[in-house]
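Raw target17.csv, CSV, C-alpha atoms:
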chain,number,residue,atom,x,y,z
A,1,LYS,CA,0.0,0.0,0.0
A,2,GLN,CA,1.2,3.5,-0.9
A,3,GLU,CA,2.4,5.4,2.1
A,4,VAL,CA,3.1,9.1,2.1
A,5,THR,CA,5.2,10.8,4.8
A,6,GLN,CA,5.9,14.4,5.5
A,7,ILE,CA,8.8,15.4,7.8
A,8,PRO,CA,9.0,17.5,9.8
A,9,ALA,CA,5.5,17.6,11.2
A,10,ALA,CA,6.0,21.2,12.2
A,11,LEU,CA,8.4,24.0,11.3
A,12,SER,CA,9.0,27.6,12.5
A,13,VAL,CA,11.1,30.0,10.5
A,14,PRO,CA,11.7,33.8,10.6
A,15,GLU,CA,10.2,35.9,7.9
A,16,GLY,CA,12.4,36.1,4.8
A,17,GLU,CA,13.9,32.7,5.1
A,18,ASN,CA,13.3,30.1,2.4
A,19,LEU,CA,11.0,27.2,3.3
A,20,VAL,CA,11.8,23.6,2.3
A,21,LEU,CA,9.1,21.1,2.8
A,22,ASN,CA,9.5,17.4,2.2
A,23,CYS,CA,7.2,14.6,1.0
A,24,SER,CA,8.2,11.0,0.5
A,25,PHE,CA,6.2,8.1,-0.9
A,26,THR,CA,6.8,4.4,-1.0
A,27,ASP,CA,5.5,3.4,-4.5
A,28,SER,CA,6.8,5.3,-7.6
A,29,ALA,CA,3.8,4.1,-9.7
A,30,ILE,CA,1.9,7.4,-9.5
A,31,TYR,CA,0.0,9.6,-12.0
A,32,ASN,CA,0.8,12.8,-10.3
A,33,LEU,CA,1.7,14.5,-7.0
A,34,GLN,CA,-0.2,17.5,-5.7
A,35,TRP,CA,0.7,20.1,-3.0
A,36,PHE,CA,-2.0,21.8,-0.9
A,37,ARG,CA,-2.2,24.5,1.7
A,38,GLN,CA,-4.7,24.4,4.5
A,39,ASP,CA,-5.5,27.3,6.8
A,40,PRO,CA,-7.1,26.6,10.2
A,41,GLY,CA,-10.8,25.8,9.8
A,42,LYS,CA,-10.6,25.9,6.0
A,43,GLY,CA,-10.5,23.6,3.1
A,44,LEU,CA,-7.4,22.6,1.1
A,45,THR,CA,-6.2,24.9,-1.6
A,46,SER,CA,-4.3,23.4,-4.5
A,47,LEU,CA,-0.8,25.0,-4.8
A,48,LEU,CA,1.0,22.9,-7.5
A,49,LEU,CA,0.3,19.7,-9.4
A,50,ILE,CA,3.3,17.8,-10.9
A,51,GLN,CA,2.5,15.1,-13.4
A,52,SER,CA,4.5,11.9,-13.3
A,53,SER,CA,6.5,12.8,-16.4
A,54,GLN,CA,7.5,16.2,-15.0
A,55,ARG,CA,10.5,17.0,-12.8
A,56,GLU,CA,9.2,20.3,-11.4
A,57,GLN,CA,6.5,23.0,-11.4
A,58,THR,CA,6.7,26.6,-10.5
A,59,SER,CA,4.2,29.2,-9.5
A,60,GLY,CA,5.4,32.6,-8.2
A,61,ARG,CA,7.5,32.0,-5.1
A,62,LEU,CA,6.6,28.3,-5.0
A,63,ASN,CA,8.6,25.6,-6.7
A,64,ALA,CA,7.9,21.9,-6.4
A,65,SER,CA,10.2,19.1,-7.6
A,66,LEU,CA,9.5,15.4,-8.1
A,67,ASP,CA,11.9,12.5,-8.1
A,68,LYS,CA,9.8,9.5,-8.7
A,69,SER,CA,12.7,7.0,-8.6
A,70,SER,CA,13.6,8.0,-5.1
A,71,GLY,CA,10.0,8.6,-4.0
A,72,ARG,CA,10.5,12.2,-3.1
A,73,SER,CA,9.0,15.6,-3.7
A,74,THR,CA,10.1,19.0,-2.2
A,75,LEU,CA,8.2,22.2,-2.0
A,76,TYR,CA,10.3,25.3,-1.9
A,77,ILE,CA,8.8,28.6,-0.8
A,78,ALA,CA,11.1,31.5,-1.4
A,79,ALA,CA,11.4,34.5,0.9
A,80,SER,CA,8.7,33.4,3.4
A,81,GLN,CA,6.1,35.8,4.7
A,82,PRO,CA,3.8,35.5,7.8
A,83,GLY,CA,0.9,34.9,5.4
A,84,ASP,CA,2.6,31.6,4.4
A,85,SER,CA,1.8,30.2,7.9
A,86,ALA,CA,-0.4,27.2,7.3
A,87,THR,CA,-0.4,23.5,7.0
A,88,TYR,CA,1.0,22.1,3.8
A,89,LEU,CA,0.0,18.7,2.6
A,90,CYS,CA,1.1,16.5,-0.3
A,91,ALA,CA,-0.9,13.8,-2.0
A,92,VAL,CA,-0.1,11.2,-4.6
A,93,ARG,CA,-2.5,9.7,-7.1
A,94,PRO,CA,-1.6,6.0,-7.5
A,95,ILE,CA,-1.7,4.3,-11.0
A,96,ASP,CA,-3.4,1.2,-9.7
A,97,SER,CA,-6.2,3.0,-7.9
A,98,TRP,CA,-6.8,6.3,-9.7
A,99,GLY,CA,-9.5,7.6,-7.4
A,100,LYS,CA,-7.8,6.8,-4.1
A,101,LEU,CA,-5.2,9.5,-3.5
A,102,GLN,CA,-2.9,9.1,-0.6
A,103,PHE,CA,-2.3,12.1,1.6
A,104,GLY,CA,0.6,12.9,3.9
A,105,ALA,CA,-0.2,14.1,7.4
A,106,GLY,CA,1.1,17.6,6.6
A,107,THR,CA,3.7,20.0,7.8
A,108,GLN,CA,2.5,22.9,10.0
A,109,VAL,CA,4.5,26.0,9.2
A,110,VAL,CA,4.8,29.2,11.2
A,111,VAL,CA,6.6,32.2,9.8
A,112,THR,CA,7.4,34.7,12.5
A,113,PRO,CA,7.7,38.4,11.7
B,114,ASN,CA,-16.5,31.2,-9.7
B,115,ALA,CA,-17.8,29.0,-6.8
B,116,GLY,CA,-15.7,25.8,-7.4
B,117,VAL,CA,-16.9,23.2,-4.9
B,118,THR,CA,-19.7,24.1,-2.6
B,119,GLN,CA,-20.7,22.1,0.5
B,120,THR,CA,-23.8,22.5,2.7
B,121,PRO,CA,-24.3,22.7,5.6
B,122,LYS,CA,-21.1,24.2,7.0
B,123,PHE,CA,-22.0,23.2,10.5
B,124,GLN,CA,-24.3,20.6,11.9
B,125,VAL,CA,-25.0,19.1,15.4
B,126,LEU,CA,-26.8,15.7,15.5
B,127,LYS,CA,-27.9,13.4,18.2
B,128,THR,CA,-26.9,9.7,18.1
B,129,GLY,CA,-29.1,7.8,15.7
B,130,GLN,CA,-30.3,10.8,13.7
B,131,SER,CA,-29.8,10.9,10.0
B,132,MET,CA,-28.6,13.7,7.7
B,133,THR,CA,-27.3,14.4,4.2
B,134,LEU,CA,-24.3,16.5,3.3
B,135,GLN,CA,-24.6,18.1,-0.1
B,136,CYS,CA,-21.9,18.9,-2.5
B,137,ALA,CA,-21.9,20.6,-5.9
B,138,GLN,CA,-19.2,21.6,-8.3
B,139,ASP,CA,-19.3,24.0,-11.2
B,140,MET,CA,-16.1,23.0,-13.0
B,141,ASN,CA,-17.6,20.3,-15.2
B,142,HIS,CA,-15.5,17.7,-13.4
B,143,ASN,CA,-16.1,14.0,-13.9
B,144,SER,CA,-14.9,12.8,-10.6
B,145,MET,CA,-16.1,13.7,-7.1
B,146,TYR,CA,-14.9,12.6,-3.6
B,147,TRP,CA,-15.9,12.6,0.0
B,148,TYR,CA,-13.2,12.7,2.7
B,149,ARG,CA,-13.2,13.1,6.4
B,150,GLN,CA,-10.4,14.8,8.4
B,151,ASP,CA,-9.7,13.9,12.0
B,152,PRO,CA,-6.8,15.1,14.3
B,153,GLY,CA,-4.0,12.6,14.1
B,154,MET,CA,-5.7,10.6,11.3
B,155,GLY,CA,-5.2,12.9,8.4
B,156,LEU,CA,-7.5,12.9,5.4
B,157,ARG,CA,-9.3,9.6,4.7
B,158,LEU,CA,-11.4,8.8,1.7
B,159,ILE,CA,-15.0,7.7,2.4
B,160,TYR,CA,-16.4,7.3,-1.1
B,161,TYR,CA,-15.6,8.6,-4.6
B,162,SER,CA,-17.3,8.7,-7.9
B,163,ALA,CA,-15.1,8.5,-10.9
B,164,SER,CA,-17.9,9.5,-13.3
B,165,GLU,CA,-21.6,10.1,-13.3
B,166,GLY,CA,-23.4,6.9,-12.4
B,167,THR,CA,-20.5,5.2,-10.6
B,168,THR,CA,-19.4,5.2,-7.0
B,169,ASP,CA,-16.7,3.3,-5.2
B,170,LYS,CA,-15.8,2.7,-1.6
B,171,GLY,CA,-12.8,4.4,-0.1
B,172,GLU,CA,-10.9,3.7,3.1
B,173,VAL,CA,-13.7,4.3,5.6
B,174,PRO,CA,-17.1,3.7,4.0
B,175,ASN,CA,-18.9,2.0,6.9
B,176,GLY,CA,-21.9,4.0,8.2
B,177,TYR,CA,-22.1,6.2,5.0
B,178,ASN,CA,-24.0,6.1,1.7
B,179,VAL,CA,-23.5,8.3,-1.3
B,180,SER,CA,-25.5,9.4,-4.3
B,181,ARG,CA,-24.1,10.9,-7.5
B,182,LEU,CA,-27.2,12.7,-8.4
B,183,ASN,CA,-25.8,14.1,-11.7
B,184,LYS,CA,-22.5,15.3,-13.0
B,185,ARG,CA,-22.5,18.4,-10.7
B,186,GLU,CA,-23.8,16.9,-7.4
B,187,PHE,CA,-22.5,14.2,-5.0
B,188,SER,CA,-24.2,13.7,-1.6
B,189,LEU,CA,-23.1,11.9,1.5
B,190,ARG,CA,-25.7,10.4,3.8
B,191,LEU,CA,-25.4,9.3,7.4
B,192,GLU,CA,-28.3,7.0,8.1
B,193,SER,CA,-27.8,6.6,11.8
B,194,ALA,CA,-25.2,9.0,13.2
B,195,ALA,CA,-22.7,7.8,15.8
B,196,PRO,CA,-20.3,9.9,17.9
B,197,SER,CA,-17.4,8.3,15.9
B,198,GLN,CA,-18.7,10.2,12.9
B,199,THR,CA,-17.9,13.5,14.5
B,200,SER,CA,-15.5,15.0,12.0
B,201,VAL,CA,-14.8,17.6,9.4
B,202,TYR,CA,-16.1,16.4,6.0
B,203,PHE,CA,-14.7,17.6,2.7
B,204,CYS,CA,-16.0,17.2,-0.7
B,205,ALA,CA,-13.6,17.4,-3.7
B,206,SER,CA,-13.7,17.1,-7.4
B,207,SER,CA,-11.3,16.6,-10.3
B,208,ASP,CA,-11.3,16.1,-14.0
B,209,GLY,CA,-10.5,12.7,-15.4
B,210,GLY,CA,-7.9,11.3,-17.7
B,211,LEU,CA,-4.4,10.2,-17.3
B,212,ASN,CA,-2.6,13.5,-17.3
B,213,THR,CA,-4.8,15.7,-15.3
B,214,GLY,CA,-6.6,14.9,-12.1
B,215,GLU,CA,-6.0,18.1,-10.1
B,216,LEU,CA,-8.1,17.9,-7.0
B,217,PHE,CA,-10.2,20.9,-5.8
B,218,PHE,CA,-11.8,21.0,-2.3
B,219,GLY,CA,-14.8,22.6,-0.7
B,220,GLU,CA,-14.6,24.5,2.5
B,221,GLY,CA,-15.7,21.6,4.6
B,222,SER,CA,-18.7,20.7,6.8
B,223,ARG,CA,-18.2,20.4,10.6
B,224,LEU,CA,-20.3,17.6,12.0
B,225,THR,CA,-20.7,16.9,15.7
B,226,VAL,CA,-22.6,13.9,16.9
B,227,LEU,CA,-23.7,13.9,20.5

If you took the structure in this file and wrote it as structure tokens, what would it be?
Amino acid sequence: KQEVTQIPAALSVPEGENLVLNCSFTDSAIYNLQWFRQDPGKGLTSLLLIQSSQREQTSGRLNASLDKSSGRSTLYIAASQPGDSATYLCAVRPIDSWGKLQFGAGTQVVVTP
Amino acid sequence: NAGVTQTPKFQVLKTGQSMTLQCAQDMNHNSMYWYRQDPGMGLRLIYYSASEGTTDKGEVPNGYNVSRLNKREFSLRLESAAPSQTSVYFCASSDGGLNTGELFFGEGSRLTVL
């Protein structure tokens, strides 16, 4: 069974520092990997989607990389701001069960002014 | 641009009562999903519908039923609510195909069962 792990569970950085969030998965047979942001009491907001054939995706200050062979994805957030404080989750869509995405438990990020 | 809309946002039930959570999407997506999110358990799939007219069980389907009413709407029903079903429920949708599948979530429905 696909397992998705996000380490660390929590992270605190000063404003302006770059954020590096990790996501690892055990089975490389995936269609895509998606990064989400969740604010307290809110739903998940899609940040970036990386297809299995891609190595990275970028949107503004966000960059996500995917290394399927090693089962890893990294989300980089440049020049962090207090508004980046949230929980970040990754999810993989397995090839053998397309509808059953596997989510990591998330990394809770606090950016201090 | 509403995206995925869930109703109600909050609900309190007594054990044994029934209720239906409604979900609608306006993105013309084929696939829709129901998840629950609990502290320490993460997001768990209850049911999903790959396309109109089909539904499949997820990781935690017991105690729930679903109806894919049409392409836009996917409802989740609790026939006899139990305290273990106290949770935040999220509906999501995505398009189909091999090289798409980006998932979009609603704002969630907070359910408390007393």

**OP:** Up to 6 Å from chain A, what residues of chain B turn up? Count all atoms listed in the file and give them as a PyMOL selection string.
**Re:** chain B and resi 155+218-221

Original post:
How many Å separate CA of Thr112 (chain A) from CA of Gly60 (chain A)?
Top reply: 20.9 Å

Subject >> Exercise: Phe123 (chain B) partners within 10 Å, only C-alpha atoms, chain neighbours under 6 positions left out, as a ChimeraX atom specification >> reply: /B:201,221-225

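Closest approach to Arg181 (chain B) from the set B:Leu216, B:Trp147, B:Asp139, B:Gly153 is made by B:Trp147, with distances taken over only C-alpha atoms.
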
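Those residues that approach Ser144 (chain B) to within 8 Å, counting all atoms listed in the file, are B:Tyr161, B:Ser162, B:Ala163, B:Ser164, B:Glu165, B:Ser206, B:Ser207, B:Asp208, B:Gly209; same-chain residues fewer than 3 positions away are not listed.
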
**OP:** Have a look at CA of Phe217 (chain B) and CA of Ser73 (chain A) and let me know their distance in Å, one decimal.
**Re:**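 Atom-to-atom, CA of Phe217 (chain B) to CA of Ser73 (chain A), that is 20.0 Å.
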
Original post:
Contacts of Val111 (chain A) at 9 Å or less, counting all atoms listed in the file, minus same-chain residues fewer than 6 places along, as a PyMOL selection string?
Top reply: chain A and resi 11-17+80-86

**OP:** Name the residues in contact with Ser65 (chain A) at a cut-off of 7 Å, using only C-alpha atoms, excluding same-chain residues fewer than 2 positions from it; report them as a list in words.
**Re:**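 With the cut-off at 7 Å, the set is Arg55, Glu56, Gln57, Asn63, Asp67, Ser73, Thr74 and Leu75 of chain A.
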
**OP:** Quote the spacing between CA of Thr87 (chain A) and CA of Lys122 (chain B) in Å to one decimal place.
**Re:**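 Result for CA of Thr87 (chain A) versus CA of Lys122 (chain B): 20.7 Å, one decimal.
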
Original post:
Within 7 Å of Thr118 (chain B), counting all atoms listed in the file, which residues qualify if same-chain residues fewer than 4 places away don't, as a ChimeraX atom specification?
Top reply: /B:136-138,219

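When only C-alpha atoms are used to compute distances to Leu62 (chain A), the closest of the residues A:Ala78, A:Ile30, A:Val20, A:Val109 turns out to be A:Ala78.
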
Subject >> For Met140 (chain B), the nearest of the candidates B:Glu172, B:Gly116, B:Gly166, B:Tyr202, counting all atoms listed in the file >> reply: B:Gly116

Subject >> Selected residue, from B:Leu126, B:Leu156, B:Leu134, B:Val117, that lies nearest to Asn178 (chain B) when counting only C-alpha atoms >> reply: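 With only C-alpha atoms as the atom set, the closest residue is B:Leu134.
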
Since the input is missing atoms for region 58-73 of chain A, could you rebuild it with N, CA, C and O atoms and give the result as a short mmCIF file (atom, residue, chain, number, x, y, z; two decimals), in the frame of the given file?
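After the write, selection_21.cif holds the following:
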data_model
loop_
_atom_site.label_atom_id
_atom_site.label_comp_id
_atom_site.auth_asym_id
_atom_site.auth_seq_id
_atom_site.Cartn_x
_atom_site.Cartn_y
_atom_site.Cartn_z
N THR A 58 6.47 25.37 -11.15
CA THR A 58 6.70 26.60 -10.50
C THR A 58 5.49 27.52 -10.57
O THR A 58 4.80 27.54 -11.60
N SER A 59 5.23 28.24 -9.47
CA SER A 59 4.20 29.20 -9.50
C SER A 59 4.58 30.34 -8.51
O SER A 59 4.58 30.16 -7.29
N GLY A 60 4.99 31.47 -9.06
CA GLY A 60 5.40 32.60 -8.20
C GLY A 60 6.59 32.22 -7.33
O GLY A 60 7.63 31.79 -7.81
N ARG A 61 6.41 32.36 -6.01
CA ARG A 61 7.50 32.00 -5.10
C ARG A 61 7.58 30.53 -4.77
O ARG A 61 8.44 30.10 -4.01
N LEU A 62 6.68 29.76 -5.33
CA LEU A 62 6.60 28.30 -5.00
C LEU A 62 7.26 27.52 -6.17
O LEU A 62 7.05 27.80 -7.35
N ASN A 63 8.03 26.51 -5.76
CA ASN A 63 8.60 25.60 -6.70
C ASN A 63 8.55 24.19 -6.10
O ASN A 63 8.94 24.00 -4.94
N ALA A 64 8.02 23.26 -6.87
CA ALA A 64 7.90 21.90 -6.40
C ALA A 64 8.71 20.98 -7.33
O ALA A 64 8.57 21.09 -8.55
N SER A 65 9.50 20.08 -6.77
CA SER A 65 10.20 19.10 -7.60
C SER A 65 9.72 17.72 -7.30
O SER A 65 9.11 17.44 -6.26
N LEU A 66 9.93 16.84 -8.26
CA LEU A 66 9.50 15.40 -8.10
C LEU A 66 10.60 14.53 -8.61
O LEU A 66 11.10 14.68 -9.73
N ASP A 67 11.00 13.59 -7.75
CA ASP A 67 11.90 12.50 -8.10
C ASP A 67 11.24 11.22 -7.86
O ASP A 67 11.24 10.70 -6.74
N LYS A 68 10.63 10.68 -8.91
CA LYS A 68 9.80 9.50 -8.70
C LYS A 68 10.70 8.27 -8.32
O LYS A 68 10.30 7.46 -7.49
N SER A 69 11.88 8.18 -8.88
CA SER A 69 12.70 7.00 -8.60
C SER A 69 13.10 6.91 -7.15
O SER A 69 13.22 5.81 -6.60
N SER A 70 13.28 8.06 -6.50
CA SER A 70 13.60 8.00 -5.10
C SER A 70 12.41 8.23 -4.19
O SER A 70 12.52 8.19 -2.96
N GLY A 71 11.24 8.45 -4.79
CA GLY A 71 10.00 8.60 -4.00
C GLY A 71 9.99 9.88 -3.20
O GLY A 71 9.59 9.86 -2.03
N ARG A 72 10.42 10.98 -3.82
CA ARG A 72 10.50 12.20 -3.10
C ARG A 72 9.98 13.42 -3.86
O ARG A 72 10.17 13.51 -5.07
N SER A 73 9.34 14.33 -3.15
CA SER A 73 9.00 15.60 -3.70
C SER A 73 9.36 16.69 -2.64
O SER A 73 9.26 16.45 -1.44
#
